[in-house]
file work-v4.csv (CSV, C-alpha atoms)
chain,number,residue,atom,x,y,z
Y,1,MET,CA,1.1,1.8,0.2
Y,2,THR,CA,2.2,-1.2,2.0
Y,3,SER,CA,0.7,-3.8,4.4
Y,4,ILE,CA,1.5,-4.5,8.0
Y,5,TYR,CA,0.2,-6.9,10.6
Y,6,ASP,CA,-2.0,-5.6,13.4
Y,7,ASP,CA,-2.0,-6.9,16.9
Y,8,ALA,CA,-4.6,-9.6,16.0
Y,9,GLY,CA,-2.3,-10.9,13.3
Y,10,LYS,CA,-4.5,-9.5,10.5
Y,11,TYR,CA,-2.8,-8.2,7.4
Y,12,ILE,CA,-4.0,-4.7,6.8
Y,13,ALA,CA,-3.3,-2.3,3.9
Y,14,CYS,CA,-1.7,1.0,5.0
Y,15,THR,CA,-0.4,4.2,3.6
Y,16,VAL,CA,2.9,5.7,4.9
Y,17,VAL,CA,2.8,9.5,5.3
Y,18,GLU,CA,5.8,11.6,6.0
Y,19,ALA,CA,4.2,14.2,8.2
Y,20,GLY,CA,7.0,16.5,9.3
Y,21,PRO,CA,8.9,18.2,10.6
Y,22,ASN,CA,6.6,21.1,10.0
Y,23,VAL,CA,7.6,24.7,10.8
Y,24,VAL,CA,5.2,27.3,12.1
Y,25,THR,CA,5.6,30.1,9.5
Y,26,GLN,CA,2.8,32.4,10.8
Y,27,VAL,CA,0.6,32.7,13.8
Y,28,LYS,CA,-2.9,34.2,13.2
Y,29,THR,CA,-4.6,35.5,16.3
Y,30,ASP,CA,-7.9,37.1,17.1
Y,31,ASP,CA,-6.2,40.5,17.3
Y,32,THR,CA,-4.4,40.4,14.0
Y,33,ASP,CA,-6.7,38.4,11.8
Y,34,GLY,CA,-10.0,37.9,13.7
Y,35,TYR,CA,-9.4,34.1,14.1
Y,36,PHE,CA,-6.8,31.8,15.5
Y,37,ALA,CA,-4.8,29.6,13.1
Y,38,LEU,CA,-1.3,28.3,12.5
Y,39,GLN,CA,0.4,28.3,9.1
Y,40,LEU,CA,2.7,25.3,8.8
Y,41,GLY,CA,5.4,24.9,6.2
Y,42,PHE,CA,6.6,21.5,4.9
Y,43,GLY,CA,9.4,20.4,2.5
Y,44,GLU,CA,12.4,22.3,1.4
Y,45,ALA,CA,12.1,24.6,-1.5
Y,46,LYS,CA,15.0,25.9,-3.7
Y,47,PRO,CA,15.8,29.5,-2.7
Y,48,LYS,CA,16.3,30.4,-6.4
Y,49,ASN,CA,12.7,29.3,-7.1
Y,50,THR,CA,11.2,31.2,-4.2
Y,51,SER,CA,9.9,34.7,-4.9
Y,52,GLN,CA,11.3,37.7,-3.0
Y,53,GLN,CA,8.0,38.2,-1.2
Y,54,MET,CA,8.0,34.6,0.1
Y,55,LYS,CA,11.7,34.8,1.0
Y,56,GLY,CA,10.8,37.7,3.3
Y,57,HIS,CA,7.9,35.7,4.8
Y,58,PHE,CA,10.3,32.8,5.6
Y,59,GLU,CA,13.1,35.2,6.9
Y,60,LYS,CA,10.7,36.8,9.3
Y,61,VAL,CA,10.4,33.4,11.2
Y,62,LYS,CA,14.1,32.6,10.5
Y,63,THR,CA,13.5,29.4,8.5
Y,64,THR,CA,14.5,28.1,5.1
Y,65,PRO,CA,12.1,28.4,2.2
Y,66,LYS,CA,9.4,25.7,2.3
Y,67,GLN,CA,7.6,23.9,-0.5
Y,68,LYS,CA,4.1,23.9,0.9
Y,69,LEU,CA,2.3,26.2,3.3
Y,70,VAL,CA,-1.0,25.2,4.8
Y,71,GLU,CA,-3.1,27.0,7.4
Y,72,PHE,CA,-4.8,25.0,10.2
Y,73,ARG,CA,-7.6,26.8,12.0
Y,74,ASP,CA,-7.9,26.4,15.8
Y,75,PHE,CA,-4.7,24.3,16.0
Y,76,PRO,CA,-4.7,22.3,19.3
Y,77,LEU,CA,-1.2,23.3,20.3
Y,78,ALA,CA,0.0,26.7,21.3
Y,79,LYS,CA,3.1,27.4,19.2
Y,80,ALA,CA,5.1,30.5,18.3
Y,81,ALA,CA,6.3,31.4,14.9
Y,82,GLY,CA,9.4,29.5,14.0
Y,83,ASP,CA,8.6,26.5,16.2
Y,84,LYS,CA,8.7,22.9,14.9
Y,85,VAL,CA,5.7,20.7,15.0
Y,86,THR,CA,6.4,17.0,15.0
Y,87,VAL,CA,4.2,14.0,14.5
Y,88,ASP,CA,4.1,12.7,18.0
Y,89,GLU,CA,2.9,16.1,19.4
Y,90,VAL,CA,-0.3,15.9,17.3
Y,91,PHE,CA,-1.0,12.2,16.6
Y,92,LYS,CA,-1.0,9.0,18.5
Y,93,PRO,CA,-1.9,5.5,17.3
Y,94,GLY,CA,-5.6,4.9,17.3
Y,95,ASP,CA,-6.5,8.5,16.3
Y,96,THR,CA,-9.2,9.1,13.7
Y,97,VAL,CA,-8.0,11.4,10.9
Y,98,HIS,CA,-9.2,12.8,7.6
Y,99,ALA,CA,-6.9,13.0,4.6
Y,100,VAL,CA,-7.2,15.7,2.0
Y,101,GLY,CA,-5.3,15.3,-1.3
Y,102,THR,CA,-5.5,15.7,-5.1
Y,103,SER,CA,-6.8,12.5,-6.6
Y,104,LYS,CA,-5.0,10.8,-9.5
Y,105,GLY,CA,-5.9,12.3,-12.9
Y,106,LYS,CA,-7.8,9.9,-15.1
Y,107,GLY,CA,-8.1,12.0,-18.2
Y,108,PHE,CA,-11.3,12.1,-20.3
Y,109,GLN,CA,-13.5,9.3,-19.1
Y,110,GLY,CA,-17.0,8.1,-19.9
Y,111,VAL,CA,-20.0,8.1,-17.7
Y,112,VAL,CA,-19.6,4.5,-16.4
Y,113,LYS,CA,-16.2,5.3,-14.8
Y,114,ARG,CA,-16.9,8.9,-14.0
Y,115,HIS,CA,-20.4,8.7,-12.5
Y,116,GLY,CA,-20.9,5.0,-11.9
Y,117,PHE,CA,-23.6,4.6,-14.6
Y,118,GLY,CA,-24.6,1.0,-15.2
Y,119,GLY,CA,-24.1,1.0,-18.9
Y,120,VAL,CA,-26.6,-0.8,-21.2
Y,121,GLY,CA,-26.1,-4.2,-19.6
Y,122,GLU,CA,-27.0,-6.3,-22.6
Y,123,LEU,CA,-25.1,-7.3,-25.6
Y,124,THR,CA,-28.0,-8.5,-27.6
Y,125,HIS,CA,-31.6,-7.3,-28.1
Y,126,GLY,CA,-30.6,-4.6,-30.7
Y,127,GLN,CA,-27.6,-3.3,-28.7
Y,128,HIS,CA,-24.6,-2.7,-30.8
Y,129,ASP,CA,-21.5,-0.6,-30.0
Y,130,ARG,CA,-23.2,1.2,-27.1
Y,131,GLN,CA,-22.6,-0.9,-24.0
Y,132,ARG,CA,-21.2,2.0,-22.0
Y,133,ALA,CA,-23.3,4.8,-23.5
Y,134,PRO,CA,-25.0,7.3,-21.2
Y,135,GLY,CA,-28.5,6.9,-22.7
Y,136,SER,CA,-31.0,9.7,-23.1
Y,137,VAL,CA,-30.0,13.2,-22.0
Y,138,GLY,CA,-33.6,14.6,-21.8
Y,139,SER,CA,-37.0,14.9,-23.6
Y,140,SER,CA,-37.9,16.5,-26.9
Y,141,SER,CA,-39.8,19.7,-27.7
Y,142,TYR,CA,-40.3,20.3,-24.0
Y,143,PRO,CA,-37.9,21.5,-22.5
Y,144,SER,CA,-36.0,21.6,-25.8
Y,145,LYS,CA,-32.7,21.8,-24.0
Y,146,VAL,CA,-30.4,19.7,-21.9
Y,147,PHE,CA,-30.5,20.6,-18.2
Y,148,LYS,CA,-27.3,22.1,-16.7
Y,149,GLY,CA,-25.4,19.8,-14.5
Y,150,LEU,CA,-26.4,16.7,-16.3
Y,151,ARG,CA,-23.8,14.0,-15.6
Y,152,MET,CA,-21.8,13.4,-18.8
Y,153,ALA,CA,-18.4,12.2,-19.8
Y,154,GLY,CA,-15.4,14.5,-19.2
Y,155,ARG,CA,-12.2,15.1,-17.3
Y,156,THR,CA,-12.0,12.8,-14.3
Y,157,GLY,CA,-9.8,12.9,-11.2
Y,158,GLY,CA,-7.1,15.4,-10.4
Y,159,GLU,CA,-9.4,17.2,-8.0
Y,160,ARG,CA,-9.4,17.9,-4.2
Y,161,VAL,CA,-10.8,14.9,-2.4
Y,162,LYS,CA,-11.2,14.3,1.3
Y,163,VAL,CA,-11.3,10.8,2.8
Y,164,ARG,CA,-12.8,10.8,6.2
Y,165,ASN,CA,-12.4,8.6,9.3
Y,166,LEU,CA,-9.1,6.8,8.7
Y,167,LYS,CA,-7.3,5.3,11.6
Y,168,VAL,CA,-3.7,5.9,12.6
Y,169,VAL,CA,-2.1,2.5,13.1
Y,170,LYS,CA,1.4,3.5,14.1
Y,171,ILE,CA,3.7,6.4,14.3
Y,172,PHE,CA,7.5,6.7,14.0
Y,173,PRO,CA,8.4,9.9,15.9
Y,174,ASP,CA,12.1,10.0,14.9
Y,175,GLN,CA,11.3,9.7,11.2
Y,176,ASN,CA,8.0,11.7,11.4
Y,177,LEU,CA,6.2,8.9,9.7
Y,178,LEU,CA,2.5,8.1,10.1
Y,179,VAL,CA,1.1,4.7,9.1
Y,180,ILE,CA,-2.6,5.1,8.3
Y,181,ARG,CA,-4.9,2.3,7.5
Y,182,GLY,CA,-6.5,2.4,4.1
Y,183,ALA,CA,-5.9,4.4,0.9
Y,184,ILE,CA,-5.3,8.2,0.6
Y,185,PRO,CA,-6.1,10.3,-2.5
Y,186,GLY,CA,-3.2,11.1,-4.9
Y,187,HIS,CA,-0.3,9.5,-6.5
Y,188,ASN,CA,2.9,8.3,-4.7
Y,189,GLY,CA,4.8,11.2,-3.3
Y,190,SER,CA,2.0,13.7,-3.6
Y,191,TYR,CA,1.2,16.2,-0.9
Y,192,VAL,CA,-1.7,15.6,1.5
Y,193,ILE,CA,-3.2,17.3,4.5
Y,194,ILE,CA,-3.9,15.0,7.5
Y,195,GLU,CA,-6.5,16.5,9.8
Y,196,LYS,CA,-7.3,15.2,13.2
Y,197,LYS,CA,-11.0,14.5,13.7
R,198,MET,CA,15.6,6.1,3.0
R,199,ASN,CA,12.3,5.5,1.3
R,200,PRO,CA,9.6,5.7,4.0
R,201,ILE,CA,7.8,2.6,2.8
R,202,GLN,CA,11.0,0.6,2.9
R,203,PHE,CA,11.7,1.9,6.4
R,204,VAL,CA,8.2,0.9,7.6
R,205,GLN,CA,8.5,-2.6,6.1
R,206,GLU,CA,11.9,-3.0,7.7
R,207,GLN,CA,10.6,-2.0,11.1
R,208,LEU,CA,7.3,-4.0,11.0
R,209,LEU,CA,7.6,-6.9,8.7
R,210,LYS,CA,9.5,-10.1,9.3
R,211,ASP,CA,12.4,-10.8,6.9
R,212,ARG,CA,12.3,-14.2,5.4
R,213,SER,CA,14.0,-13.2,2.2
R,214,SER,CA,16.8,-15.6,2.9
R,215,GLU,CA,14.4,-18.5,2.2
R,216,THR,CA,15.8,-20.5,-0.7
R,217,VAL,CA,12.6,-22.1,-1.7
R,218,LYS,CA,12.1,-22.2,-5.5
R,219,PRO,CA,9.2,-23.1,-7.8
R,220,GLY,CA,8.9,-26.8,-8.1
R,221,ASP,CA,10.1,-27.5,-4.6
R,222,ASN,CA,8.2,-29.7,-2.3
R,223,VAL,CA,7.8,-27.9,1.0
R,224,ASN,CA,6.0,-28.2,4.3
R,225,ILE,CA,4.8,-25.0,5.9
R,226,SER,CA,3.8,-25.0,9.6
R,227,TYR,CA,1.6,-22.1,10.6
R,228,LYS,CA,-0.4,-21.2,13.7
R,229,ILE,CA,-4.1,-21.1,13.6
R,230,ILE,CA,-6.4,-19.8,16.2
R,231,GLU,CA,-9.5,-21.8,17.1
R,232,GLY,CA,-11.7,-20.0,19.6
R,233,ASP,CA,-9.1,-19.0,22.2
R,234,LYS,CA,-6.8,-21.9,21.5
R,235,GLU,CA,-3.8,-21.9,19.2
R,236,ARG,CA,-2.4,-24.8,17.4
R,237,ILE,CA,0.0,-25.6,14.6
R,238,GLN,CA,-1.2,-26.8,11.2
R,239,ASN,CA,0.9,-28.1,8.4
R,240,PHE,CA,0.5,-27.5,4.7
R,241,LYS,CA,2.6,-29.7,2.5
R,242,GLY,CA,2.8,-29.3,-1.3
R,243,ASP,CA,4.6,-28.0,-4.3
R,244,VAL,CA,5.6,-24.4,-4.8
R,245,ILE,CA,3.9,-23.3,-8.0
R,246,LYS,CA,4.7,-19.6,-7.9
R,247,ILE,CA,6.6,-17.0,-6.1
R,248,THR,CA,5.6,-13.3,-6.4
R,249,GLY,CA,6.9,-10.1,-4.8
R,250,SER,CA,10.3,-9.3,-3.5
R,251,GLY,CA,12.0,-8.5,-0.2
R,252,ARG,CA,9.6,-8.4,2.6
R,253,THR,CA,6.4,-8.7,0.6
R,254,LYS,CA,7.2,-12.0,-1.0
R,255,THR,CA,4.5,-14.6,-1.2
R,256,ILE,CA,4.6,-18.2,-2.2
R,257,CYS,CA,1.7,-20.3,-3.6
R,258,ILE,CA,1.6,-24.0,-2.6
R,259,ARG,CA,-0.5,-26.5,-4.4
R,260,LYS,CA,-1.4,-29.9,-3.0
R,261,ILE,CA,-3.9,-32.6,-3.8
R,262,SER,CA,-6.2,-33.2,-0.9
R,263,ASN,CA,-8.7,-36.1,-1.1
R,264,GLY,CA,-8.5,-35.9,-4.9
R,265,VAL,CA,-9.1,-32.1,-5.0
R,266,GLY,CA,-6.4,-29.6,-5.9
R,267,VAL,CA,-5.9,-27.0,-3.1
R,268,GLU,CA,-3.8,-23.9,-3.5
R,269,ARG,CA,-2.8,-21.6,-0.7
R,270,ILE,CA,-0.9,-18.4,-0.9
R,271,PHE,CA,1.4,-17.6,2.1
R,272,PRO,CA,2.9,-14.2,2.6
R,273,LEU,CA,6.5,-15.1,3.8
R,274,ASN,CA,6.5,-12.1,6.2
R,275,SER,CA,3.5,-13.6,8.1
R,276,PRO,CA,4.1,-13.9,11.9
R,277,SER,CA,1.9,-17.0,11.9
R,278,ILE,CA,4.3,-19.0,9.9
R,279,VAL,CA,6.4,-21.1,12.3
R,280,ASP,CA,8.6,-23.0,10.0
R,281,ILE,CA,9.2,-23.7,6.3
R,282,THR,CA,11.0,-27.0,5.6
R,283,LEU,CA,12.2,-28.0,2.2
R,284,LEU,CA,11.4,-31.6,1.6
R,285,LYS,CA,12.5,-32.1,-2.1
R,286,LYS,CA,14.1,-29.9,-4.7
R,287,GLY,CA,12.1,-30.0,-7.9
R,288,LYS,CA,13.5,-30.0,-11.5
R,289,VAL,CA,11.3,-27.6,-13.5
R,290,ARG,CA,12.0,-25.3,-16.5
R,291,ARG,CA,9.7,-22.4,-15.7
R,292,SER,CA,8.9,-20.1,-12.7
R,293,LYS,CA,5.1,-20.4,-12.8
R,294,LEU,CA,3.9,-24.0,-12.8
R,295,TYR,CA,0.3,-23.3,-13.7
R,296,TYR,CA,0.3,-26.2,-16.1
R,297,LEU,CA,0.1,-28.5,-13.1
R,298,ARG,CA,-3.5,-27.5,-12.6
R,299,ALA,CA,-4.5,-29.2,-15.8
R,300,LEU,CA,-2.7,-32.4,-15.0
R,301,SER,CA,-3.6,-35.1,-12.6
R,302,GLY,CA,-2.3,-38.4,-11.3
R,303,LYS,CA,1.2,-39.5,-12.3
R,304,LYS,CA,1.5,-36.6,-14.9
R,305,ALA,CA,1.2,-34.0,-12.1
R,306,ARG,CA,4.5,-35.2,-10.5
R,307,ILE,CA,7.6,-33.0,-10.5
R,308,LYS,CA,10.9,-34.6,-11.2
R,309,GLU,CA,13.3,-34.4,-8.3
R,310,LYS,CA,16.4,-32.5,-8.8
R,311,LYS,CA,19.4,-34.5,-7.7
R,312,GLN,CA,21.9,-32.5,-5.9
R,313,ALA,CA,25.3,-32.3,-7.6
R,314,LEU,CA,27.8,-34.3,-5.7
R,315,ALA,CA,30.7,-32.5,-4.1
R,316,PRO,CA,33.7,-32.5,-6.4
R,317,LYS,CA,36.2,-35.2,-5.5
R,318,VAL,CA,39.2,-33.9,-3.7
R,319,GLU,CA,42.3,-35.4,-5.1
R,320,VAL,CA,44.5,-36.6,-2.3
R,321,ASP,CA,48.1,-37.0,-3.2
R,322,ALA,CA,48.9,-40.6,-2.8
R,323,PRO,CA,51.8,-41.0,-0.5
R,324,GLN,CA,54.9,-41.7,-2.4
R,325,ALA,CA,55.8,-45.3,-2.2
call {"tool": "encode", "arguments": {"input": "work-v4.csv", "output": "structure tokens"}}
result
Amino acid sequence: MTSIYDDAGKYIACTVVEAGPNVVTQVKTDDTDGYFALQLGFGEAKPKNTSQQMKGHFEKVKTTPKQKLVEFRDFPLAKAAGDKVTVDEVFKPGDTVHAVGTSKGKGFQGVVKRHGFGGVGELTHGQHDRQRAPGSVGSSSYPSKVFKGLRMAGRTGGERVKVRNLKVVKIFPDQNLLVIRGAIPGHNGSYVIIEKK
Amino acid sequence: MNPIQFVQEQLLKDRSSETVKPGDNVNISYKIIEGDKERIQNFKGDVIKITGSGRTKTICIRKISNGVGVERIFPLNSPSIVDITLLKKGKVRRSKLYYLRALSGKKARIKEKKQALAPKVEVDAPQA
């Protein structure tokens, strides 16, 4: 992330996303698959780490092996397999986008961080060593069990998250860079999907 | 090039050549917008800390206004900063001058750093 100044001179926090060049690796149509979609490839992969099956898939559209493949249903542009998709074809400043990514892993966390529980809230009145405890998990002889799905401590983060309604502030077509206002899930350098609303 | 570095180079003003240091007495002139009018305001005080690097550097200025200490943080890349003038070089021994907050009056002054004089150039006296 970084910050830039908008037209009104306000300092706004932004995320820089390298969004291309993407290569169309497969075109799915109504005839072949029953729906219309484009499969886009991004990032160079090492050929020695690419399986024979995937190498064949890339050779079919005459491109080098790609790191990531993502399918976009009902893509707004008509493209043939092997074509390049650049940033300025899809986005323009002011667009509203959604960002999908894998959030940062937080490890095993308690209920206060994981589910936003309030904690006990008091240090005195008999409270000792349990300021961030979850409290009761249920009643006694009836139902004699803890209900499934009860929010408890556990592994947090590292899951697919979608952040909706972010604004594109600026694009750099030559570098295929998107500058998006606000934060996007994931650590620096992670892969994200940017969907147009 | 790192994409973040690229965006910063494209969109943020570079004032990294500013030679202001902690302890210096500076005057910052910046634009403020009142309604639809724009005017220039000055903030004069001592630099008590500098954070960040390159195009995201910020400086914190402290001054005493009507007996009340006021601190203001300026991002050096801000387009609203018109001018930064160095008034006095300060002689200080640390980079963060937080100790000034606890001091008042004469104790809160910073000693001025006297510039070293240019070395004397020996001129060969004409042979008599």
call {"tool": "interface_residues", "arguments": {"input": "work-v4.csv", "of": "chain R", "to": "chain Y", "cutoff": "12 Å", "atoms": "only C-alpha atoms", "output": "ChimeraX atom specification"}}
result
/R:198-210,228-230,252-254,271-272,274-278
call {"tool": "write_last_selection", "arguments": {"input": "work-v4.csv", "atoms": "C-alpha atoms", "output": "PDB file, keeping the file's coordinate frame"}}
result
ATOM      1  CA  MET R 198      15.600   6.100   3.000  1.00  0.00           C
ATOM      2  CA  ASN R 199      12.300   5.500   1.300  1.00  0.00           C
ATOM      3  CA  PRO R 200       9.600   5.700   4.000  1.00  0.00           C
ATOM      4  CA  ILE R 201       7.800   2.600   2.800  1.00  0.00           C
ATOM      5  CA  GLN R 202      11.000   0.600   2.900  1.00  0.00           C
ATOM      6  CA  PHE R 203      11.700   1.900   6.400  1.00  0.00           C
ATOM      7  CA  VAL R 204       8.200   0.900   7.600  1.00  0.00           C
ATOM      8  CA  GLN R 205       8.500  -2.600   6.100  1.00  0.00           C
ATOM      9  CA  GLU R 206      11.900  -3.000   7.700  1.00  0.00           C
ATOM     10  CA  GLN R 207      10.600  -2.000  11.100  1.00  0.00           C
ATOM     11  CA  LEU R 208       7.300  -4.000  11.000  1.00  0.00           C
ATOM     12  CA  LEU R 209       7.600  -6.900   8.700  1.00  0.00           C
ATOM     13  CA  LYS R 210       9.500 -10.100   9.300  1.00  0.00           C
ATOM     14  CA  LYS R 228      -0.400 -21.200  13.700  1.00  0.00           C
ATOM     15  CA  ILE R 229      -4.100 -21.100  13.600  1.00  0.00           C
ATOM     16  CA  ILE R 230      -6.400 -19.800  16.200  1.00  0.00           C
ATOM     17  CA  ARG R 252       9.600  -8.400   2.600  1.00  0.00           C
ATOM     18  CA  THR R 253       6.400  -8.700   0.600  1.00  0.00           C
ATOM     19  CA  LYS R 254       7.200 -12.000  -1.000  1.00  0.00           C
ATOM     20  CA  PHE R 271       1.400 -17.600   2.100  1.00  0.00           C
ATOM     21  CA  PRO R 272       2.900 -14.200   2.600  1.00  0.00           C
ATOM     22  CA  ASN R 274       6.500 -12.100   6.200  1.00  0.00           C
ATOM     23  CA  SER R 275       3.500 -13.600   8.100  1.00  0.00           C
ATOM     24  CA  PRO R 276       4.100 -13.900  11.900  1.00  0.00           C
ATOM     25  CA  SER R 277       1.900 -17.000  11.900  1.00  0.00           C
ATOM     26  CA  ILE R 278       4.300 -19.000   9.900  1.00  0.00           C
TER      27      ILE R 278
END
call {"tool": "residues_around", "arguments": {"input": "work-v4.csv", "residues": "stretch 180-185 of chain Y", "least_positions_apart": "2", "cutoff": "7 Å", "atoms": "all atoms listed in the file", "output": "ChimeraX atom specification"}}
result
/Y:13-16,99,101-103,161,163,166-169,178
call {"tool": "residues_around", "arguments": {"input": "work-v4.csv", "residues": "Y:Gln67", "least_positions_apart": "3", "cutoff": "7 Å", "atoms": "all atoms listed in the file", "output": "PDB file with C-alpha atoms, in the coordinates of the input"}}
result
ATOM      1  CA  PHE Y  42       6.600  21.500   4.900  1.00  0.00           C
ATOM      2  CA  GLY Y  43       9.400  20.400   2.500  1.00  0.00           C
ATOM      3  CA  GLU Y  44      12.400  22.300   1.400  1.00  0.00           C
ATOM      4  CA  ALA Y  45      12.100  24.600  -1.500  1.00  0.00           C
TER       5      ALA Y  45
END
call {"tool": "closest_residue", "arguments": {"input": "work-v4.csv", "among": "R:Val265, R:Ser301, R:Lys260, R:Ile281", "to": "R:Ser226", "atoms": "only C-alpha atoms"}}
result
R:Ile281
call {"tool": "residues_around", "arguments": {"input": "work-v4.csv", "residues": "R:Lys285", "least_positions_apart": "4", "cutoff": "9 Å", "atoms": "all atoms listed in the file", "output": "list in words"}}
result
Gly220, Asp221, Asn222, Val223, Glu309 and Lys310 of chain R
call {"tool": "closest_residue", "arguments": {"input": "work-v4.csv", "among": "Y:Gly41, Y:Pro93, Y:Gly186, Y:Pro76", "to": "Y:Pro173", "atoms": "all atoms listed in the file"}}
result
Y:Pro93
call {"tool": "atom_distance", "arguments": {"input": "work-v4.csv", "atom1": "atom CA of Y:Lys197", "atom2": "atom CA of Y:Val85"}}
result
17.9 Å
call {"tool": "closest_residue", "arguments": {"input": "work-v4.csv", "among": "R:Leu273, R:Leu284, R:Asn239, R:Arg259", "to": "R:Arg298", "atoms": "only C-alpha atoms"}}
result
R:Arg259
call {"tool": "atom_distance", "arguments": {"input": "work-v4.csv", "atom1": "atom CA of Y:Gly116", "atom2": "atom CA of Y:Arg155"}}
result
14.4 Å
call {"tool": "residues_around", "arguments": {"input": "work-v4.csv", "residues": "stretch 289-291 of chain R", "least_positions_apart": "5", "cutoff": "12 Å", "atoms": "only C-alpha atoms", "output": "PDB file with C-alpha atoms, in the frame of the given file"}}
result
ATOM      1  CA  LYS R 218      12.100 -22.200  -5.500  1.00  0.00           C
ATOM      2  CA  PRO R 219       9.200 -23.100  -7.800  1.00  0.00           C
ATOM      3  CA  GLY R 220       8.900 -26.800  -8.100  1.00  0.00           C
ATOM      4  CA  ASP R 221      10.100 -27.500  -4.600  1.00  0.00           C
ATOM      5  CA  ASN R 222       8.200 -29.700  -2.300  1.00  0.00           C
ATOM      6  CA  ASP R 243       4.600 -28.000  -4.300  1.00  0.00           C
ATOM      7  CA  VAL R 244       5.600 -24.400  -4.800  1.00  0.00           C
ATOM      8  CA  ILE R 245       3.900 -23.300  -8.000  1.00  0.00           C
ATOM      9  CA  LYS R 246       4.700 -19.600  -7.900  1.00  0.00           C
ATOM     10  CA  ILE R 247       6.600 -17.000  -6.100  1.00  0.00           C
ATOM     11  CA  TYR R 296       0.300 -26.200 -16.100  1.00  0.00           C
ATOM     12  CA  LEU R 297       0.100 -28.500 -13.100  1.00  0.00           C
ATOM     13  CA  ARG R 306       4.500 -35.200 -10.500  1.00  0.00           C
ATOM     14  CA  ILE R 307       7.600 -33.000 -10.500  1.00  0.00           C
ATOM     15  CA  LYS R 308      10.900 -34.600 -11.200  1.00  0.00           C
ATOM     16  CA  GLU R 309      13.300 -34.400  -8.300  1.00  0.00           C
ATOM     17  CA  LYS R 310      16.400 -32.500  -8.800  1.00  0.00           C
TER      18      LYS R 310
END
call {"tool": "atom_distance", "arguments": {"input": "work-v4.csv", "atom1": "atom CA of Y:Lys48", "atom2": "atom CA of Y:Asn22"}}
result
21.2 Å
call {"tool": "closest_residue", "arguments": {"input": "work-v4.csv", "among": "Y:Val27, Y:Ala153, Y:Ala78, Y:Ile194", "to": "Y:Thr96", "atoms": "all atoms listed in the file"}}
result
Y:Ile194
call {"tool": "residues_near_point", "arguments": {"input": "work-v4.csv", "point": "(8.0, 24.4, 4.0)", "cutoff": "12 Å", "atoms": "all atoms listed in the file", "output": "VMD selection string"}}
result
chain Y and resid 19 to 26 39 to 47 50 54 to 55 57 to 58 61 63 to 71 82 84 to 85 191
call {"tool": "closest_residue", "arguments": {"input": "work-v4.csv", "among": "Y:Lys92, Y:Lys113, Y:Lys104, Y:Lys62", "to": "Y:Arg160", "atoms": "only C-alpha atoms"}}
result
Y:Lys104
